[in-house]
>>> print(open('run.txt').read())   # compact mmCIF, C-alpha atoms
# COMPACT_ATOMS: atom_id res chain seq x y z
CA VAL A 256 -22.03 -13.75 -31.81
CA LYS A 257 -22.64 -14.14 -28.10
CA LEU A 258 -20.50 -16.55 -26.12
CA LYS A 259 -23.51 -18.70 -25.31
CA ASP A 260 -23.97 -19.28 -29.07
CA CYS A 261 -20.41 -20.43 -29.76
CA CYS A 262 -19.69 -22.44 -26.60
CA SER A 263 -21.01 -25.93 -25.94
CA ALA A 264 -20.99 -25.23 -22.20
CA ILE A 265 -20.54 -22.25 -19.86
CA PHE A 266 -20.58 -22.95 -16.12
CA SER A 267 -19.05 -22.05 -12.77
CA GLY A 268 -17.38 -24.45 -10.39
CA GLY A 269 -17.85 -25.35 -6.76
CA THR A 270 -16.03 -26.03 -3.51
CA PRO A 271 -16.25 -29.32 -1.60
CA LEU A 272 -16.79 -29.00 2.16
CA THR A 273 -13.44 -28.01 3.66
CA SER A 274 -14.35 -29.89 6.87
CA LYS A 275 -14.20 -33.18 4.94
CA GLU A 276 -10.55 -34.17 4.61
CA GLN A 277 -11.44 -37.01 2.23
CA PHE A 278 -12.70 -34.44 -0.30
CA TYR A 279 -9.19 -33.01 -0.81
CA ASP A 280 -5.67 -34.02 -1.89
CA GLY A 281 -6.96 -36.43 -4.51
CA ASN A 282 -5.90 -36.64 -8.17
CA ILE A 283 -8.29 -34.06 -9.68
CA PRO A 284 -6.70 -30.62 -10.25
CA TRP A 285 -8.94 -27.90 -8.78
CA ILE A 286 -8.18 -24.28 -9.68
CA ARG A 287 -9.17 -21.07 -7.92
CA SER A 288 -9.57 -17.58 -9.37
CA GLY A 289 -6.19 -16.41 -8.02
CA GLU A 290 -4.44 -18.91 -10.34
CA ILE A 291 -5.89 -17.25 -13.45
CA ASP A 292 -3.46 -14.68 -14.84
CA PHE A 293 -3.36 -14.74 -18.66
CA ASN A 294 -1.59 -18.09 -18.54
CA ARG A 295 -1.84 -21.70 -19.69
CA ILE A 296 -2.87 -23.92 -16.79
CA PHE A 297 -1.53 -27.48 -16.78
CA ARG A 298 -1.84 -28.15 -13.05
CA SER A 299 -3.40 -26.59 -9.96
CA GLU A 300 -2.13 -25.46 -6.58
CA ARG A 301 -4.58 -27.82 -4.90
CA ASN A 302 -6.37 -31.06 -5.83
CA ILE A 303 -9.70 -32.57 -4.84
CA SER A 304 -10.79 -36.22 -4.74
CA GLN A 305 -13.42 -37.98 -6.84
CA GLU A 306 -15.61 -38.03 -3.73
CA GLY A 307 -15.16 -34.27 -3.32
CA LEU A 308 -16.15 -33.72 -6.97
CA GLU A 309 -19.28 -35.86 -6.62
CA ASN A 310 -20.37 -34.19 -3.38
CA SER A 311 -20.09 -30.58 -4.57
CA SER A 312 -21.17 -28.37 -7.44
CA ALA A 313 -17.67 -28.62 -8.94
CA LYS A 314 -17.62 -30.02 -12.49
CA LEU A 315 -14.86 -31.28 -14.72
CA ILE A 316 -13.66 -28.84 -17.38
CA ARG A 317 -12.47 -30.44 -20.58
CA PRO A 318 -8.96 -29.67 -21.90
CA LYS A 319 -8.64 -26.85 -24.45
CA SER A 320 -11.17 -24.66 -22.69
CA VAL A 321 -10.98 -21.09 -21.38
CA VAL A 322 -11.55 -20.01 -17.77
CA MET A 323 -12.36 -16.54 -16.48
CA ALA A 324 -12.07 -15.26 -12.89
CA MET A 325 -15.51 -14.07 -11.77
CA THR A 326 -14.53 -12.29 -8.58
CA GLY A 327 -11.65 -10.98 -6.48
CA ALA A 328 -8.35 -9.38 -7.45
CA THR A 329 -8.13 -11.32 -10.73
CA VAL A 330 -11.72 -10.66 -11.86
CA ALA A 331 -12.08 -10.77 -15.68
CA LYS A 332 -8.62 -12.27 -16.19
CA VAL A 333 -8.56 -15.35 -18.42
CA ALA A 334 -6.46 -18.47 -18.92
CA THR A 335 -6.57 -21.63 -21.00
CA ILE A 336 -7.06 -25.10 -19.53
CA GLU A 337 -4.62 -27.62 -20.97
CA ALA A 338 -5.67 -30.70 -18.95
CA GLU A 339 -8.91 -31.97 -17.46
CA MET A 340 -9.59 -30.28 -14.13
CA ALA A 341 -12.25 -28.74 -11.90
CA ALA A 342 -12.61 -25.23 -10.43
CA ASN A 343 -14.25 -23.39 -7.56
CA GLN A 344 -17.31 -21.16 -7.73
CA SER A 345 -15.24 -18.04 -8.48
CA VAL A 346 -14.23 -19.46 -11.86
CA CYS A 347 -16.29 -19.57 -15.06
CA ALA A 348 -15.45 -22.31 -17.57
CA LEU A 349 -16.00 -21.73 -21.30
CA GLU A 350 -15.93 -24.82 -23.51
CA PRO A 351 -15.91 -23.66 -27.18
CA ASN A 352 -17.84 -25.53 -29.85
CA CYS A 353 -16.41 -26.69 -33.20
CA LEU A 354 -16.68 -23.19 -34.71
CA LEU A 355 -14.42 -21.53 -32.17
CA ASP A 356 -10.70 -22.07 -31.50
CA TYR A 357 -10.08 -21.96 -27.74
CA ARG A 358 -6.85 -19.95 -28.08
CA PHE A 359 -8.63 -17.43 -30.31
CA LEU A 360 -11.30 -17.06 -27.61
CA TYR A 361 -8.59 -16.60 -24.98
CA PHE A 362 -6.75 -13.91 -26.94
CA TYR A 363 -9.95 -12.03 -27.74
CA LEU A 364 -11.19 -12.04 -24.13
CA ALA A 365 -7.74 -10.83 -23.03
CA THR A 366 -8.27 -7.70 -25.16
CA LYS A 367 -11.54 -7.07 -23.28
CA TYR A 368 -10.01 -7.48 -19.81
CA LEU A 369 -10.13 -3.83 -18.71
CA GLN A 370 -13.62 -3.33 -20.11
CA LEU A 371 -14.93 -6.44 -18.33
CA ARG A 372 -13.11 -5.69 -15.09
CA ASN A 373 -14.56 -2.18 -14.99
CA SER A 374 -18.06 -3.58 -15.57
CA ALA A 375 -17.80 -5.93 -12.56
CA GLN A 376 -20.34 -5.06 -9.89
CA GLY A 377 -20.85 -5.20 -6.13
CA ALA A 378 -18.60 -4.97 -3.09
CA LEU A 379 -16.69 -8.04 -4.29
CA THR A 380 -16.36 -6.68 -7.86
CA SER A 381 -17.81 -9.76 -9.49
CA LEU A 382 -19.07 -10.91 -12.89
CA ASN A 383 -22.06 -13.25 -13.09
CA LEU A 384 -22.63 -16.11 -15.51
CA GLU A 385 -25.41 -14.33 -17.38
CA ARG A 386 -23.13 -11.35 -18.06
CA ILE A 387 -20.39 -13.65 -19.36
CA LYS A 388 -22.77 -15.70 -21.54
CA ASN A 389 -23.89 -12.53 -23.32
CA ILE A 390 -20.41 -11.19 -24.12
CA GLU A 391 -20.24 -10.62 -27.86
CA ILE A 392 -17.21 -11.77 -29.85
CA PRO A 393 -16.33 -11.71 -33.57
CA LEU A 394 -16.34 -15.13 -35.22
CA PRO A 395 -14.18 -15.25 -38.37
CA PRO A 396 -13.73 -18.58 -40.21
CA LEU A 397 -11.82 -21.20 -38.23
CA ASN A 398 -8.77 -21.07 -40.53
CA ILE A 399 -8.48 -17.30 -39.96
CA GLN A 400 -8.80 -17.84 -36.18
CA LYS A 401 -5.96 -20.37 -36.29
CA GLU A 402 -3.76 -18.04 -38.34
CA ILE A 403 -4.25 -15.24 -35.79
CA VAL A 404 -3.54 -17.66 -32.94
CA SER A 405 -0.33 -18.82 -34.64
CA ILE A 406 0.98 -15.24 -34.88
CA LEU A 407 0.10 -14.35 -31.28
CA ASP A 408 1.39 -17.66 -29.91
CA SER A 409 4.77 -16.93 -31.48
CA PHE A 410 4.94 -13.77 -29.35
CA THR A 411 3.78 -15.43 -26.13
CA SER A 412 6.18 -18.35 -26.68
CA LEU A 413 9.14 -15.99 -27.08
CA ILE A 414 8.11 -13.93 -24.04
CA GLY A 415 7.70 -17.14 -22.02
CA LYS A 416 11.21 -18.32 -22.95
CA MET A 417 12.67 -14.94 -22.04
CA LYS A 418 10.92 -15.02 -18.64
CA GLN A 419 12.32 -18.51 -18.03
CA GLU A 420 15.82 -17.25 -18.80
CA VAL A 421 15.35 -14.35 -16.35
CA GLU A 422 14.36 -16.81 -13.60
CA MET A 423 17.32 -19.05 -14.44
CA ARG A 424 19.74 -16.10 -14.39
CA LYS A 425 18.32 -14.91 -11.05
CA LYS A 426 18.92 -18.35 -9.53
CA GLN A 427 22.42 -18.36 -11.01
CA MET A 428 23.09 -14.94 -9.50
CA GLU A 429 21.77 -16.08 -6.10
CA TYR A 430 24.05 -19.11 -6.21
CA TYR A 431 27.17 -17.05 -6.95
CA ARG A 432 26.18 -14.33 -4.49
CA GLU A 433 25.99 -16.85 -1.65
CA LYS A 434 29.21 -18.56 -2.76
CA LEU A 435 31.23 -15.35 -3.22
CA MET A 436 30.04 -13.78 0.03
CA ALA A 437 30.45 -16.87 2.21
CA PRO A 438 32.91 -16.04 5.05
CA GLN A 439 36.59 -16.86 4.57
CA THR A 440 39.25 -17.29 7.25
CA ASN A 441 41.02 -13.96 6.63
CA TRP A 442 37.78 -11.90 6.71
CA LYS A 443 37.09 -9.70 9.73
CA ILE A 444 33.86 -10.21 11.71
CA LYS A 445 32.07 -6.96 12.52
CA THR A 446 28.56 -5.77 13.32
CA LEU A 447 26.81 -3.32 11.02
CA GLY A 448 26.84 -0.88 13.91
CA GLU A 449 30.65 -1.01 14.07
CA ILE A 450 31.12 -0.01 10.44
CA GLY A 451 28.23 2.44 10.01
CA THR A 452 25.19 4.24 11.42
CA PHE A 453 21.44 3.84 10.84
CA THR A 454 19.27 6.97 10.65
CA ARG A 455 15.49 6.69 10.49
CA GLY A 456 13.59 8.74 7.91
CA ASN A 457 10.82 11.20 8.75
CA GLY A 458 7.86 13.16 7.50
CA LEU A 459 7.70 12.39 3.78
CA GLN A 460 4.24 11.30 2.53
CA LYS A 461 3.12 10.29 -0.97
CA SER A 462 0.94 13.41 -0.98
CA ASP A 463 4.15 15.47 -0.82
CA PHE A 464 5.34 14.23 -4.23
CA ARG A 465 5.94 16.80 -6.95
CA VAL A 466 7.10 16.51 -10.58
CA LYS A 467 10.16 18.61 -9.78
CA GLY A 468 11.97 19.96 -6.74
CA PHE A 469 14.23 18.16 -4.24
CA PRO A 470 14.80 14.44 -5.00
CA CYS A 471 13.10 12.09 -2.55
CA VAL A 472 12.46 8.38 -2.04
CA HIS A 473 9.43 6.86 -0.31
CA TYR A 474 9.92 3.48 1.37
CA GLY A 475 7.17 1.96 -0.82
CA GLN A 476 9.17 2.87 -3.94
CA ILE A 477 12.16 0.90 -2.64
CA HIS A 478 9.90 -2.15 -2.63
CA THR A 479 8.25 -1.61 -6.01
CA TYR A 480 10.26 0.73 -8.21
CA TYR A 481 14.00 0.65 -7.47
CA ASN A 482 16.49 -2.19 -7.83
CA THR A 483 19.94 -2.41 -6.23
CA CYS A 484 20.96 1.14 -7.19
CA ILE A 485 19.20 4.52 -7.45
CA TYR A 486 20.77 7.02 -9.83
CA LYS A 487 17.83 9.42 -10.03
CA THR A 488 14.52 9.55 -8.22
CA LYS A 489 11.05 9.00 -9.55
CA SER A 490 9.66 11.64 -7.17
CA PHE A 491 10.48 15.08 -5.80
CA CYS A 492 9.25 17.28 -2.95
CA GLU A 493 9.17 20.99 -2.13
CA GLU A 494 12.54 22.52 -1.17
CA ASP A 495 11.06 23.86 2.10
CA LEU A 496 9.88 20.39 3.11
CA ALA A 497 13.23 18.85 2.16
CA LYS A 498 14.97 21.08 4.72
CA LYS A 499 13.03 19.27 7.49
CA LEU A 500 13.64 15.75 6.17
CA GLN A 501 16.49 13.32 6.81
CA LYS A 502 18.82 12.94 3.85
CA ALA A 503 21.13 10.28 2.45
CA SER A 504 24.44 10.96 0.69
CA TYR A 505 26.24 9.31 -2.21
CA GLY A 506 26.98 5.63 -1.41
CA ASP A 507 24.51 5.38 1.49
CA LEU A 508 21.99 2.56 1.58
CA LEU A 509 18.27 3.37 1.69
CA ILE A 510 16.45 0.53 3.45
CA ALA A 511 12.69 -0.13 3.51
CA THR A 512 12.22 -1.57 7.00
CA THR A 513 8.45 -2.01 6.91
CA SER A 514 6.61 -4.63 4.86
CA GLU A 515 3.74 -7.12 4.89
CA ASP A 516 6.15 -10.06 4.98
CA VAL A 517 9.60 -10.75 6.38
CA LYS A 518 11.12 -11.64 3.01
CA ALA A 519 10.48 -8.17 1.54
CA CYS A 520 11.43 -6.31 4.73
CA CYS A 521 14.83 -4.55 4.70
CA LYS A 522 15.12 -4.30 0.94
CA ALA A 523 18.08 -1.99 0.33
CA ALA A 524 19.17 0.24 -2.55
CA VAL A 525 22.33 2.34 -2.90
CA TRP A 526 21.97 6.07 -3.53
CA PHE A 527 24.28 6.97 -6.44
CA GLY A 528 22.60 10.22 -7.44
CA ALA A 529 24.05 13.71 -7.65
CA GLY A 530 23.77 15.45 -4.28
CA ASP A 531 21.68 14.33 -1.31
CA VAL A 532 18.27 12.67 -1.35
CA ALA A 533 15.42 12.91 1.18
CA TYR A 534 13.71 9.74 2.36
CA SER A 535 10.54 8.82 4.23
CA GLY A 536 9.68 7.26 7.55
CA ASP A 537 9.52 3.44 7.65
CA SER A 538 12.93 3.52 6.00
CA PHE A 539 16.50 3.97 7.21
CA CYS A 540 19.64 5.44 5.75
CA TYR A 541 22.76 3.38 6.41
CA SER A 542 26.01 5.37 6.17
CA HIS A 543 29.09 3.11 6.22
CA ASP A 544 32.75 2.83 5.27
CA GLN A 545 32.49 -0.25 3.02
CA ASP A 546 31.92 -0.71 -0.72
CA PRO A 547 28.31 0.48 -1.38
CA LYS A 548 27.42 -2.17 -3.97
CA TYR A 549 28.86 -4.94 -1.82
CA MET A 550 26.73 -3.78 1.10
CA ALA A 551 23.58 -3.72 -1.05
CA TYR A 552 24.24 -7.31 -2.17
CA LEU A 553 24.97 -8.32 1.44
CA PHE A 554 21.42 -7.26 2.36
CA GLN A 555 20.14 -9.79 -0.22
CA THR A 556 22.01 -12.80 1.19
CA GLU A 557 20.69 -15.74 3.16
CA MET A 558 23.07 -14.71 5.98
CA PHE A 559 21.25 -11.40 6.28
CA ALA A 560 17.81 -13.05 5.95
CA LYS A 561 18.47 -15.36 8.92
CA GLN A 562 19.36 -12.48 11.24
CA LYS A 563 16.48 -10.38 9.89
CA GLN A 564 14.03 -13.21 10.63
CA LYS A 565 15.02 -13.20 14.29
CA ALA A 566 14.83 -9.41 14.61
CA ALA A 567 11.48 -8.90 12.82
CA THR A 568 8.52 -7.77 14.91
CA GLY A 569 4.79 -7.44 14.20
CA ALA A 570 2.13 -9.65 12.64
CA LYS A 571 0.22 -7.91 9.83
CA VAL A 572 2.95 -5.29 9.41
CA ILE A 573 6.54 -6.50 9.78
CA ARG A 574 9.25 -4.14 11.02
CA VAL A 575 12.97 -4.32 11.75
CA SER A 576 14.50 -1.54 13.82
CA GLY A 577 17.78 0.28 13.23
CA GLU A 578 19.02 -0.94 16.62
CA SER A 579 18.41 -4.54 15.55
CA MET A 580 20.19 -4.12 12.21
CA ALA A 581 23.15 -2.49 13.97
CA SER A 582 23.64 -5.76 15.89
CA PHE A 583 23.74 -7.95 12.76
CA SER A 584 27.17 -9.54 12.44
CA PHE A 585 29.04 -10.51 9.24
CA ALA A 586 32.52 -11.42 8.04
CA PHE A 587 33.84 -8.68 5.74
CA PRO A 588 36.56 -9.09 3.09
CA PRO A 589 39.04 -6.27 2.34
CA LEU A 590 37.63 -3.41 0.25
CA VAL A 591 39.48 -4.54 -2.91
CA GLN A 592 37.85 -7.97 -2.68
CA GLN A 593 34.46 -6.39 -1.93
CA ARG A 594 34.70 -4.43 -5.19
CA GLN A 595 35.68 -7.56 -7.14
CA ILE A 596 32.70 -9.50 -5.77
CA ALA A 597 30.32 -6.60 -6.42
CA SER A 598 31.62 -6.32 -10.00
CA ILE A 599 30.87 -10.00 -10.71
CA LEU A 600 27.35 -9.67 -9.29
CA ASP A 601 26.85 -6.45 -11.27
CA THR A 602 27.39 -8.44 -14.48
CA PHE A 603 24.51 -10.74 -13.59
CA GLU A 604 22.22 -7.90 -12.53
CA SER A 605 22.96 -5.90 -15.68
CA TYR A 606 22.14 -8.86 -17.92
CA ILE A 607 18.92 -9.59 -16.02
CA SER A 608 17.90 -5.94 -16.27
CA LYS A 609 18.45 -5.95 -20.05
CA LEU A 610 16.38 -9.12 -20.40
CA GLU A 611 13.54 -7.61 -18.35
CA LYS A 612 13.52 -4.50 -20.56
CA MET A 613 13.43 -6.70 -23.66
CA ILE A 614 10.48 -8.62 -22.20
CA GLU A 615 8.68 -5.34 -21.55
CA LEU A 616 9.22 -4.27 -25.17
CA ARG A 617 8.11 -7.65 -26.53
CA GLN A 618 5.01 -7.52 -24.31
CA LYS A 619 4.06 -4.12 -25.75
CA GLN A 620 4.70 -5.43 -29.26
CA TYR A 621 2.49 -8.46 -28.58
CA GLU A 622 -0.31 -6.29 -27.18
CA TYR A 623 -0.10 -3.99 -30.22
CA TYR A 624 -0.47 -6.85 -32.71
CA ARG A 625 -3.13 -8.53 -30.59
CA GLU A 626 -5.26 -5.36 -30.79
CA LYS A 627 -4.61 -5.03 -34.52
CA LEU A 628 -5.42 -8.65 -35.35
CA LEU A 629 -8.50 -8.87 -33.16
CA THR A 630 -10.22 -5.66 -34.24
CA PHE A 631 -12.79 -6.60 -36.87
CA GLU A 632 -14.80 -3.38 -36.98
>>> encode(input="run.txt", output="structure tokens")
Amino acid sequence: VKLKDCCSAIFSGGTPLTSKEQFYDGNIPWIRSGEIDFNRIFRSERNISQEGLENSSAKLIRPKSVVMAMTGATVAKVATIEAEMAANQSVCALEPNCLLDYRFLYFYLATKYLQLRNSAQGALTSLNLERIKNIEIPLPPLNIQKEIVSILDSFTSLIGKMKQEVEMRKKQMEYYREKLMAPQTNWKIKTLGEIGTFTRGNGLQKSDFRVKGFPCVHYGQIHTYYNTCIYKTKSFCEEDLAKKLQKASYGDLLIATTSEDVKACCKAAVWFGAGDVAYSGDSFCYSHDQDPKYMAYLFQTEMFAKQKQKAATGAKVIRVSGESMASFSFAFPPLVQQRQIASILDTFESYISKLEKMIELRQKQYEYYREKLLTFE
């Protein structure tokens, strides 16, 4: 059947005039397309007032409905609405009738995400209401829908709990990292420039990547692919090019010093691979005489963040220079104590990494069964 034949209402939202302060910060949750990400929505990032609702095309969406992003980066993504709320014009609300379970509708539309996203049109890659109303879905008996939902909800519930544990463990690790690395009276205060040297990368572009050759790291990969340590590289480059590039050695830190925000800037990873590794511009190699793991964790601390904030330059693109980092000052414990602290933090990071891999496996398992259960051909 088509969605318009199994939903009691399908409509888009609206936005109250932003110039009217009285239209906002009321008690009506008001979601935008960016909040839709295959999730259950209980509250919104922003609220509107009753007056704002009445003086705009925004409408209330009943609980146990499905919403779909109609435009932007999240186009075609879906979520379920678990409380009464409104939405802006970039969101389509789907209120199922008595023949359709709202979670079944959500799961089925999730399987069609890529297909719908790729069918979005125009410069803003958008879906229109007419297109959504005419989406065809299978409609098994309600008891079968609920059985399928029960199986898939068991997966999503488990994945959700595992994600919560990851967040809790990360906060726990942050707490102990700050506590363990807080300066003590017998620690020696030194600048990063006194205990090591910063060398800027050069020349390596993404277009230089090869499937084999000399190991290399692009600054973007430090942000997105690597964690605290790098044991082998994702990418390689030609041997002839590698001869012209700067290289890091075992135990050196590779630091991405360019980012779109200050928080991500200066993310560091230790090179623990066999032999040297080439690295790109917009990143630095930091060679030092301290414990490598300890230094990597130091770059994650609030102490480092405060000095980084002061040294950062730029607006749209944030940078921190090697000269600035060389002036950063910290209290350093003896090497034996550095290794002890790094070992404790390693325990946390190892556990978090295992949990994240388990989540990835469970996610694949969930997607496999979702496809199996929702294919009625």
>>> residues_near_point(input="run.txt", point="(20.8, -2.6, -6.7)", cutoff="7 Å", atoms="all atoms listed in the file", output="list in words")
Asn482, Thr483, Cys484, Ala524, Val525 and Ala551 of chain A
>>> closest_residue(input="run.txt", among="A:Leu508, A:Ile387, A:Ala313, A:Leu364", to="Arg287 (chain A)", atoms="only C-alpha atoms")
A:Ala313
>>> closest_residue(input="run.txt", among="A:Asn294, A:Met580, A:Lys275, A:Ser267", to="Ile414 (chain A)", atoms="all atoms listed in the file")
A:Asn294
>>> atom_distance(input="run.txt", atom1="CA of Thr630 (chain A)", atom2="CA of Cys347 (chain A)")
24.5 Å
>>> closest_residue(input="run.txt", among="A:Ser514, A:Gln545, A:Ser288, A:Gln376", to="Leu590 (chain A)", atoms="only C-alpha atoms")
A:Gln545
>>> closest_residue(input="run.txt", among="A:Phe293, A:Arg574, A:Lys561, A:Met428", to="Gly415 (chain A)", atoms="only C-alpha atoms")
A:Phe293
>>> atom_distance(input="run.txt", atom1="CA of Val591 (chain A)", atom2="CA of Lys425 (chain A)")
24.9 Å
>>> closest_residue(input="run.txt", among="A:Ile485, A:Asn398, A:Gln501, A:Ser538", to="Trp526 (chain A)", atoms="only C-alpha atoms")
A:Ile485
>>> atom_distance(input="run.txt", atom1="CA of Phe464 (chain A)", atom2="CA of Asn373 (chain A)")
27.9 Å
>>> closest_residue(input="run.txt", among="A:Leu349, A:Ala328, A:Ile316, A:Ala560", to="Ser381 (chain A)", atoms="all atoms listed in the file")
A:Ala328
>>> residues_around(input="run.txt", residues="Ile296 (chain A)", least_positions_apart="4", cutoff="8 Å", atoms="only C-alpha atoms", output="CSV table (one decimal) with C-alpha atoms, in the coordinates of the input")
chain,number,residue,atom,x,y,z
A,334,ALA,CA,-6.5,-18.5,-18.9
A,335,THR,CA,-6.6,-21.6,-21.0
A,336,ILE,CA,-7.1,-25.1,-19.5
A,337,GLU,CA,-4.6,-27.6,-21.0
A,338,ALA,CA,-5.7,-30.7,-19.0
